Every structure is written in C-alpha cells, then in structure tokens.
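A.B. asks: work_11.cif is the file, holding mmCIF, C-alpha atoms:
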```cif
data_data
#
loop_
_atom_site.label_atom_id
_atom_site.label_comp_id
_atom_site.auth_asym_id
_atom_site.auth_seq_id
_atom_site.Cartn_x
_atom_site.Cartn_y
_atom_site.Cartn_z
CA MET H 1 -11.70 54.55 -13.60
CA MET H 2 -14.64 56.83 -12.98
CA GLN H 3 -15.24 59.70 -15.34
CA ARG H 4 -16.93 63.06 -14.81
CA ARG H 5 -20.02 63.36 -17.02
CA SER H 6 -20.78 67.05 -16.64
CA ASP H 7 -19.14 69.93 -14.85
CA ASP H 8 -22.64 71.38 -14.36
CA ASP H 9 -23.90 68.43 -12.33
CA ARG H 10 -22.49 68.39 -8.82
CA LEU H 11 -22.98 64.65 -8.28
CA SER H 12 -23.05 63.09 -11.76
CA PHE H 13 -20.15 60.76 -12.47
CA ASP H 14 -19.84 57.09 -13.25
CA ASP H 15 -19.62 54.20 -10.83
CA GLY H 16 -16.13 52.79 -10.30
CA VAL H 17 -12.84 53.27 -8.46
CA SER H 18 -10.49 56.18 -8.99
CA PRO H 19 -7.11 56.71 -7.29
CA LEU H 20 -6.68 60.09 -5.67
CA ALA H 21 -3.59 62.03 -4.68
CA ALA H 22 -5.55 64.37 -2.39
CA CYS H 23 -9.02 65.29 -1.24
CA ALA H 24 -10.56 68.27 0.51
CA LEU H 25 -13.87 67.86 2.35
CA THR H 26 -15.76 70.82 3.78
CA VAL H 27 -19.03 70.94 5.73
CA ARG H 28 -21.53 73.66 4.79
CA ASN H 29 -24.15 74.99 7.18
CA ASP H 30 -27.10 74.29 4.86
CA VAL H 31 -30.21 72.25 5.57
CA TRP H 32 -31.12 69.15 3.56
CA PRO H 33 -34.33 69.99 1.66
CA PHE H 34 -35.34 66.31 1.42
CA ALA H 35 -35.36 66.00 5.23
CA GLU H 36 -37.37 69.20 5.67
CA ALA H 37 -39.94 68.14 3.06
CA ASN H 38 -40.41 64.65 4.53
CA ARG H 39 -40.28 65.40 8.26
CA PRO H 40 -43.66 63.82 9.25
CA ALA H 41 -42.89 60.63 7.29
CA ILE H 42 -39.37 60.56 8.76
CA ASP H 43 -40.68 60.84 12.32
CA ALA H 44 -43.22 58.05 11.75
CA HIS H 45 -40.57 55.83 10.17
CA TRP H 46 -38.22 56.49 13.08
CA ALA H 47 -40.87 55.47 15.61
CA ARG H 48 -41.28 52.13 13.83
CA ALA H 49 -37.53 51.64 13.34
CA THR H 50 -36.68 52.19 17.00
CA GLN H 51 -39.30 49.68 18.08
CA THR H 52 -37.46 47.06 16.03
CA ASN H 53 -33.94 48.35 16.84
CA PRO H 54 -34.04 50.24 20.16
CA GLY H 55 -30.27 50.68 20.00
CA TYR H 56 -30.52 53.18 17.13
CA PHE H 57 -29.15 56.62 18.08
CA ASN H 58 -30.27 59.77 16.30
CA GLY H 59 -26.87 61.40 15.94
CA VAL H 60 -25.41 63.74 13.33
CA VAL H 61 -24.78 62.36 9.85
CA HIS H 62 -22.86 64.13 7.08
CA LEU H 63 -23.96 63.70 3.46
CA VAL H 64 -22.07 64.76 0.33
CA ASP H 65 -23.99 67.40 -1.65
CA GLY H 66 -21.31 68.49 -4.10
CA VAL H 67 -18.33 66.85 -5.82
CA HIS H 68 -15.63 68.26 -8.07
CA LEU H 69 -12.99 65.97 -9.56
CA ASP H 70 -9.93 67.63 -11.08
CA GLY H 71 -7.56 64.92 -12.25
CA ASP H 72 -6.57 63.00 -9.12
CA ARG H 73 -7.90 65.60 -6.67
CA LEU H 74 -11.35 65.50 -5.06
CA ASP H 75 -13.10 68.53 -3.58
CA ALA H 76 -16.43 67.78 -1.93
CA SER H 77 -18.94 69.67 0.17
CA LEU H 78 -21.10 68.05 2.86
CA ILE H 79 -24.19 68.99 4.82
CA ARG H 80 -25.41 67.84 8.23
CA THR H 81 -28.58 65.90 8.89
CA ASP H 82 -29.75 63.50 11.58
CA PHE H 83 -29.55 59.72 11.49
CA LYS H 84 -33.31 59.25 11.36
CA SER H 85 -33.50 61.31 8.14
CA TYR H 86 -30.64 59.33 6.66
CA LEU H 87 -32.28 56.04 7.66
CA PHE H 88 -35.58 57.05 6.06
CA TRP H 89 -33.77 57.97 2.82
CA ARG H 90 -31.86 54.68 2.88
CA ASP H 91 -34.92 52.54 3.64
CA GLN H 92 -36.79 54.24 0.79
CA GLY H 93 -34.10 52.90 -1.56
CA PHE H 94 -31.99 56.08 -1.76
CA PRO H 95 -34.34 58.15 -3.96
CA GLU H 96 -32.84 61.17 -5.69
CA ALA H 97 -32.37 63.74 -2.92
CA GLY H 98 -29.44 65.92 -4.02
CA VAL H 99 -26.89 64.04 -1.89
CA LEU H 100 -24.65 60.99 -1.77
CA ASP H 101 -23.98 58.73 1.22
CA GLY H 102 -20.32 59.68 1.70
CA PHE H 103 -17.97 58.13 4.23
CA GLY H 104 -14.38 57.07 4.85
CA SER H 105 -13.08 53.50 4.68
CA ALA H 106 -9.84 51.96 5.97
CA LEU H 107 -7.83 49.78 3.59
CA ILE H 108 -5.64 48.04 6.18
CA ARG H 109 -2.97 45.73 4.77
CA SER H 110 -1.15 43.40 7.14
CA SER H 111 2.56 42.53 7.05
CA ASP H 112 1.66 39.34 5.16
CA SER H 113 -0.39 41.32 2.60
CA TYR H 114 -3.94 40.61 3.71
CA THR H 115 -6.65 43.28 3.62
CA MET H 116 -8.71 43.40 6.81
CA LEU H 117 -12.51 43.52 6.79
CA GLY H 118 -15.07 43.72 9.57
CA ARG H 119 -18.50 42.07 9.54
CA GLN H 120 -21.25 44.16 11.08
CA ARG H 121 -23.37 42.69 13.83
CA ALA H 122 -27.08 42.06 13.19
CA GLY H 123 -29.32 44.95 14.23
CA ASN H 124 -27.18 47.60 12.53
CA VAL H 125 -27.86 49.12 9.11
CA ASN H 126 -25.23 46.86 7.47
CA GLY H 127 -25.87 43.82 9.66
CA GLY H 128 -24.31 40.64 8.23
CA LEU H 129 -22.20 42.49 5.64
CA ALA H 130 -18.39 42.56 5.56
CA TYR H 131 -16.51 45.70 4.50
CA PRO H 132 -13.30 47.66 5.14
CA PRO H 133 -13.69 49.31 8.57
CA SER H 134 -15.70 52.49 8.03
CA GLY H 135 -18.46 54.64 9.43
CA PHE H 136 -20.23 57.96 9.35
CA ILE H 137 -18.10 61.07 9.55
CA ASP H 138 -18.49 62.12 13.17
CA GLU H 139 -19.06 65.69 14.30
CA SER H 140 -15.76 65.42 16.20
CA ASP H 141 -14.01 64.90 12.85
CA VAL H 142 -15.04 68.38 11.67
CA ALA H 143 -12.59 71.19 12.44
CA THR H 144 -13.75 74.67 13.45
CA ASP H 145 -13.31 75.86 9.85
CA GLY H 146 -15.58 73.07 8.55
CA THR H 147 -12.83 70.93 7.06
CA ILE H 148 -12.62 67.18 7.62
CA ASP H 149 -9.49 65.11 8.15
CA ILE H 150 -10.75 61.93 6.49
CA ALA H 151 -7.66 59.90 7.43
CA GLY H 152 -8.12 60.87 11.08
CA SER H 153 -11.82 60.01 10.90
CA VAL H 154 -11.07 56.58 9.45
CA ALA H 155 -8.32 55.84 12.00
CA ARG H 156 -10.74 56.72 14.80
CA GLU H 157 -13.31 54.29 13.39
CA VAL H 158 -10.71 51.51 13.19
CA SER H 159 -9.71 52.00 16.81
CA GLU H 160 -13.34 52.11 18.02
CA GLU H 161 -14.43 49.06 16.04
CA THR H 162 -11.37 46.82 16.42
CA GLY H 163 -9.44 48.02 19.47
CA ILE H 164 -6.32 48.39 17.29
CA ASP H 165 -4.44 51.49 18.42
CA ALA H 166 -4.58 54.14 15.69
CA ALA H 167 -0.88 54.80 16.33
CA VAL H 168 0.06 51.45 14.72
CA LEU H 169 -1.66 52.38 11.45
CA VAL H 170 0.99 53.63 9.03
CA ARG H 171 -0.61 55.88 6.42
CA GLU H 172 0.29 55.11 2.83
CA ALA H 173 0.20 57.61 -0.02
CA GLY H 174 -2.98 58.39 -1.90
CA LEU H 175 -6.63 57.44 -1.51
CA TYR H 176 -9.26 55.53 -3.47
CA LEU H 177 -12.61 57.06 -4.39
CA THR H 178 -15.37 54.52 -5.00
CA ARG H 179 -18.75 55.52 -6.41
CA SER H 180 -21.47 52.88 -6.29
CA GLY H 181 -24.89 54.33 -6.95
CA PRO H 182 -25.80 56.61 -4.03
CA GLN H 183 -22.72 55.67 -1.98
CA LEU H 184 -19.33 57.37 -2.10
CA SER H 185 -16.44 55.78 -0.20
CA ILE H 186 -13.11 57.54 0.33
CA ALA H 187 -10.69 54.74 1.21
CA VAL H 188 -7.49 55.54 3.08
CA PRO H 189 -4.70 52.93 2.72
CA PHE H 190 -2.79 51.90 5.86
CA ARG H 191 -0.05 49.36 6.60
CA ILE H 192 0.37 47.55 9.90
CA SER H 193 3.46 45.69 11.09
CA MET H 194 1.44 42.77 12.52
CA THR H 195 0.27 39.72 10.59
CA ALA H 196 -3.37 39.20 9.67
CA ALA H 197 -3.66 36.49 12.32
CA GLU H 198 -2.37 38.88 15.00
CA PHE H 199 -4.82 41.58 13.86
CA VAL H 200 -7.73 39.14 13.95
CA ARG H 201 -6.79 37.91 17.43
CA ILE H 202 -6.56 41.44 18.91
CA ALA H 203 -9.69 42.72 17.19
CA GLU H 204 -11.88 39.72 17.99
CA CYS H 205 -10.78 39.88 21.64
CA HIS H 206 -11.85 43.55 21.65
CA ILE H 207 -15.18 42.62 20.08
CA ALA H 208 -15.79 39.86 22.64
CA LEU H 209 -15.17 42.27 25.52
CA SER H 210 -17.35 45.06 24.09
CA SER H 211 -20.98 45.18 25.14
CA ASP H 212 -22.02 47.37 22.19
CA SER H 213 -19.62 46.37 19.40
CA GLU H 214 -20.80 47.13 15.86
CA LEU H 215 -18.83 44.14 14.56
CA ASP H 216 -19.11 40.42 15.22
CA ALA H 217 -16.11 39.15 13.21
CA ILE H 218 -12.89 40.14 11.45
CA ILE H 219 -12.17 38.68 8.02
CA ALA H 220 -8.82 38.76 6.21
CA VAL H 221 -8.75 38.59 2.41
CA ALA H 222 -5.88 38.45 -0.06
CA ALA H 223 -7.40 37.46 -3.41
CA LEU H 224 -10.60 37.73 -5.40
CA SER H 225 -11.43 34.14 -4.47
CA ASP H 226 -11.56 35.21 -0.80
CA ILE H 227 -14.51 37.58 -1.37
CA LYS H 228 -16.46 35.41 -3.80
CA GLY H 229 -18.78 33.98 -1.15
CA LEU H 230 -18.82 36.97 1.21
CA SER H 231 -21.84 39.21 1.69
CA LEU H 232 -20.51 42.69 0.92
CA PRO H 233 -22.07 46.11 0.31
CA ARG H 234 -21.85 46.83 -3.39
CA TYR H 235 -19.32 49.66 -2.96
CA ALA H 236 -17.00 47.33 -0.99
CA ARG H 237 -17.20 44.66 -3.68
CA VAL H 238 -16.45 47.24 -6.39
CA LEU H 239 -13.44 48.52 -4.43
CA LEU H 240 -12.02 45.11 -3.49
CA GLU H 241 -12.48 43.70 -6.99
CA ALA H 242 -10.43 46.63 -8.30
CA LEU H 243 -7.61 46.16 -5.80
CA LEU H 244 -7.27 42.46 -5.01
CA SER H 245 -5.10 40.17 -7.09
CA GLU H 246 -6.84 37.77 -9.47
CA THR H 247 -4.08 35.18 -9.21
CA ARG H 248 -2.93 35.02 -5.62
CA SER H 249 -4.32 31.95 -3.87
CA SER H 250 -6.16 32.20 -0.55
CA ARG H 251 -4.32 31.18 2.62
CA THR H 252 -5.77 29.96 5.88
CA LEU H 253 -4.88 32.03 8.95
#
```
Starting from the file, give its structure as structure tokens.
C.D. replies:
Amino acid sequence: MMQRRSDDDRLSFDDGVSPLAACALTVRNDVWPFAEANRPAIDAHWARATQTNPGYFNGVVHLVDGVHLDGDRLDASLIRTDFKSYLFWRDQGFPEAGVLDGFGSALIRSSDSYTMLGRQRAGNVNGGLAYPPSGFIDESDVATDGTIDIAGSVAREVSEETGIDAAVLVREAGLYLTRSGPQLSIAVPFRISMTAAEFVRIAECHIALSSDSELDAIIAVAALSDIKGLSLPRYARVLLEALLSETRSSRTL
C-alpha cells in the first residue's frame, strides 16, 4: 500500500500499489517548465531519435503534475507537452522535472481467470516489454471541461492495440494506482466473457493484419510463475506481483 509522505509535496508518495474507489483527472492549460528550459537540447535529441526511429510521431502527451490521495480517492492534475519533450526526459533517465509519467492500463481478466498482456514491437519506446494494454492519454480522451475518462481512454487503447471491441469489456469496480519511480499507472479492471485462448487468437490476428501495430504478441498470465521470465516495465511487475496468485500453477493455452 502506498502512503502519502507530505501534503505539501504534490508528487511525493511511496512506490507501490493502492486500490482506489474513484479518481478524478483534470488537464490544466499550463506549460511544462522543463520542456521550455531544454528546448534546443530537445530538438537536437529529436533529430537524432527520428533518424533511428522514423516512425516516431510528435503528438500530444499528458503528464501528471499534481496528485492528492484522500483515502481511496485520487485527484490528479495533468499538463500537456509534446512527445519529443517526453522522449528527451525519458531518455535522460527521468530527471526531476515536476511531473510523473501518468497513464491508464487495462487489467483484462478472461473467463478462465487469466490476465492479458501485450508485448510491444521493437522500435517503440517499450519495445520488447510486456505489460497490461496501456498508452498515453490521447487528446481525444479530454473533455471540453478538461476532465479525463480514464476507463474510456483505456478501453480505446485496448481496441486499437488488440482489435477487441471495447463493447465486450465489462468494467469491474475500483481501480489500482501503481507508483514506480517516475511512472504512475492507473489500472482499470475489466472482465471478458471469452477465454484467454480466444482473446489471444483474435488479438494476434488483428496484429498480423495491422501494418503499424504497436504490439507483436499477446501473453496470458495467471500466476507469479508466469511473469518470472518475462521482460516487464518495473511498474507492470510491481502491479502484477501485487495482484497475481502465488500458488496457482501456470496453464498452457
């Protein structure tokens, strides 16, 4: 369970997983001082990065710049920046910059109690790593009043990445907040009526037919032993280790 360290520090709380009953996310129209101060270095870094990965797109990225935890409720503020500024910050090792890398994740559990992960294709920022389907909060996820429907954002990501219709995702109660260093994941739990094998078959067919898929594989896990040898982002390992059973044996799909 994560604990708040100081009510005076907007982003200071311990690493770990905390169940939430509700969260409210709001985008503020402020600039990111780190990006403004490092613009020449960011532009030079971007020129090098796009030579190596010409598929990079400099879209809008939302970063968390304020967090308030009150029991099992999260209130967070976010600011907009561009992907190239985010990438520079990330490639510098996430130096202190007054923000956290905040995003939604989908905890999809199949009818036979597997949790579904996607492995990102090489050439992306998480290439080779497996994680619950997730992604940047898109500008389309932000309502006119600045609020964000994180469950809707996550469901959109699932549909785009796996081809699974968002309508088959049955939202479960609550959320899970995972802090891991500079990263902050808000995981939304979903149930699906299909088995893990059916999910894998549909999603991997979608991936095979997509010319620009972010993923190259779907992985189903049911126990801690299933993730032992997987390459995972640290936040995903922290989250899955908190939620997966220690005793249930792995099954082959």
A.B. asks: On this structure, the PyMOL selection byres ((chain H and resi 162-173) around 6) would catch which residues? List them as a PyMOL selection string, sorted by chain and number.
C.D. replies: chain H and resi 155+158-161+174+189-192+203+206
A.B. asks: Mind checking which residues fall within 10 Å of Asp112 in chain H, counting all atoms listed in the file, ignoring those fewer than 4 positions away in the same chain, and posting them as a compact mmCIF listing (two decimals) with C-alpha atoms, keeping the file's coordinate frame?
C.D. replies:
```
# COMPACT_ATOMS: atom_id res chain seq x y z
CA ILE H 192 0.37 47.55 9.90
CA SER H 193 3.46 45.69 11.09
CA MET H 194 1.44 42.77 12.52
CA THR H 195 0.27 39.72 10.59
CA ALA H 196 -3.37 39.20 9.67
CA ALA H 197 -3.66 36.49 12.32
CA ALA H 222 -5.88 38.45 -0.06
```
A.B. asks: Restricting the calculation to all atoms listed in the file: of H:Arg80, H:Lys228, H:His68, H:Arg234, which residue gets closest to Gly146 in chain H?
C.D. replies: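 Of all the options, H:Arg80 lies closest to Gly146 in chain H.
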A.B. asks: So how far away is CA of Leu230 in chain H from CA of Gly104 in chain H, in Å?
C.D. replies: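 Atom-to-atom, CA of Gly104 in chain H and CA of Leu230 in chain H are spaced 20.9 Å apart.
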A.B. asks: Just say which residues the PyMOL selection byres ((chain H and resi 84) around 9) picks in this file, as a ChimeraX atom specification.
C.D. replies: /H:42-43,45-46,49,56-59,81-83,85-89
A.B. asks: How many Å lie between CA of Leu239 in chain H and CA of Val99 in chain H, rounded to one decimal?
C.D. replies: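 Result for CA of Leu239 in chain H versus CA of Val99 in chain H: 20.7 Å, one decimal.
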A.B. asks: Show me the residues close to (-23.2, 58.7, -0.8) - anything with an atom within 8 Å, counting all atoms listed in the file - and format the list as a list in words.
C.D. replies: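 Residues satisfying the cut-off, written out: Leu63, Val64, Val99, Leu100, Asp101, Gly102, Phe103, Arg179, Gly181, Pro182, Gln183, Leu184 and Ser185 of chain H.
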A.B. asks: Quick one: residues within 10 Å of Ala22 in chain H, all atoms listed in the file counted, chain neighbours fewer than 4 positions away excluded, as a PyMOL selection string?
C.D. replies: chain H and resi 72-75+173-176
A.B. asks: Tell me which protein, DNA and RNA residues are within 9 Å of Gly127 in chain H, counting all atoms listed in the file, leaving out same-chain ones fewer than 5 positions away, and put them as an MDAnalysis selection string.
C.D. replies: chainID H and resid 119:122 214:215
A.B. asks: Quick check, in Å to one decimal: how far apart do CA of Arg48 in chain H and CA of Pro33 in chain H lie?
C.D. replies: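 CA of Pro33 in chain H lies 22.7 Å from CA of Arg48 in chain H.
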A.B. asks: Let me make sure I understand: among H:Ser180, H:Leu20, H:Val60, H:Gly71, which one has the smallest atom-to-atom distance to Phe94 in chain H if we use all atoms listed in the file?
C.D. replies: H:Ser180
A.B. asks: Measuring between all atoms listed in the file, which one of H:Ala151, H:Ile137, H:Ala242, H:Leu224 shows the shortest distance to Leu78 in chain H?
C.D. replies: H:Ile137
A.B. asks: Select, from H:Ser210, H:Ala24, H:Ser77, H:Pro133, the residue with the minimum atom-to-atom distance to Arg109 in chain H, counting only C-alpha atoms.
C.D. replies: H:Pro133
A.B. asks: What residues come out when you apply the PyMOL selection byres ((chain H and resi 130) around 12) to this file, written as a ChimeraX atom specification?
C.D. replies: /H:115-122,126-129,131-134,214-221,226-237,240
A.B. asks: Using only C-alpha atoms, find the one residue out of H:Asp30, H:Asp91, H:Asp70, H:Glu157 that sits nearest to Asp141 in chain H.
C.D. replies: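 Ranked by minimum distance to Asp141 in chain H, first place goes to H:Glu157.
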A.B. asks: Between H:Ile202, H:Leu243, H:Val154, H:Ala76, which is the closest to Val27 in chain H once you count all atoms listed in the file?
C.D. replies: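 Ranking H:Ile202, H:Leu243, H:Val154, H:Ala76 by distance to Val27 in chain H, first place goes to H:Ala76.
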A.B. asks: If you keep N, CA and C atoms, can you output range 198-219 of chain H as a CSV table (one decimal), in the first residue's frame?
C.D. replies:
```
chain,number,residue,atom,x,y,z
H,198,GLU,N,-9.1,-17.6,-26.7
H,198,GLU,CA,-9.9,-16.9,-27.7
H,198,GLU,C,-9.4,-15.4,-27.9
H,199,PHE,N,-9.1,-14.8,-26.7
H,199,PHE,CA,-8.6,-13.4,-26.8
H,199,PHE,C,-7.3,-13.4,-27.6
H,200,VAL,N,-6.4,-14.3,-27.3
H,200,VAL,CA,-5.1,-14.3,-27.9
H,200,VAL,C,-5.3,-14.5,-29.4
H,201,ARG,N,-6.2,-15.4,-29.8
H,201,ARG,CA,-6.4,-15.7,-31.3
H,201,ARG,C,-6.9,-14.5,-32.0
H,202,ILE,N,-7.9,-13.8,-31.4
H,202,ILE,CA,-8.4,-12.6,-32.0
H,202,ILE,C,-7.4,-11.4,-32.1
H,203,ALA,N,-6.7,-11.2,-31.0
H,203,ALA,CA,-5.8,-10.1,-30.9
H,203,ALA,C,-4.6,-10.4,-31.8
H,204,GLU,N,-4.0,-11.6,-31.9
H,204,GLU,CA,-2.9,-11.8,-32.7
H,204,GLU,C,-3.2,-11.8,-34.2
H,205,CYS,N,-4.5,-12.1,-34.5
H,205,CYS,CA,-4.9,-12.0,-35.9
H,205,CYS,C,-5.0,-10.5,-36.3
H,206,HIS,N,-5.5,-9.7,-35.4
H,206,HIS,CA,-5.5,-8.2,-35.6
H,206,HIS,C,-4.1,-7.7,-35.8
H,207,ILE,N,-3.2,-8.1,-34.9
H,207,ILE,CA,-1.8,-7.7,-35.0
H,207,ILE,C,-1.2,-8.1,-36.4
H,208,ALA,N,-1.4,-9.3,-36.8
H,208,ALA,CA,-0.9,-9.8,-38.1
H,208,ALA,C,-1.4,-9.0,-39.3
H,209,LEU,N,-2.6,-8.5,-39.2
H,209,LEU,CA,-3.2,-7.8,-40.3
H,209,LEU,C,-2.9,-6.3,-40.2
H,210,SER,N,-2.3,-5.8,-39.2
H,210,SER,CA,-2.1,-4.4,-39.0
H,210,SER,C,-0.7,-4.0,-39.5
H,211,SER,N,-0.6,-3.0,-40.3
H,211,SER,CA,0.7,-2.6,-40.8
H,211,SER,C,1.5,-1.8,-39.8
H,212,ASP,N,0.9,-1.2,-38.8
H,212,ASP,CA,1.6,-0.3,-37.9
H,212,ASP,C,1.3,-0.7,-36.5
H,213,SER,N,1.1,-2.0,-36.2
H,213,SER,CA,0.7,-2.4,-34.8
H,213,SER,C,1.8,-2.1,-33.8
H,214,GLU,N,1.5,-1.6,-32.7
H,214,GLU,CA,2.4,-1.4,-31.6
H,214,GLU,C,2.9,-2.7,-30.9
H,215,LEU,N,2.1,-3.7,-31.1
H,215,LEU,CA,2.3,-5.0,-30.4
H,215,LEU,C,2.8,-6.0,-31.4
H,216,ASP,N,3.5,-7.0,-30.8
H,216,ASP,CA,3.9,-8.2,-31.7
H,216,ASP,C,3.5,-9.5,-31.1
H,217,ALA,N,2.9,-9.5,-29.9
H,217,ALA,CA,2.4,-10.7,-29.3
H,217,ALA,C,1.4,-10.4,-28.1
H,218,ILE,N,0.6,-11.4,-27.8
H,218,ILE,CA,-0.3,-11.3,-26.6
H,218,ILE,C,0.1,-12.4,-25.7
H,219,ILE,N,0.2,-12.1,-24.4
H,219,ILE,CA,0.7,-13.1,-23.4
H,219,ILE,C,-0.4,-13.1,-22.3
```
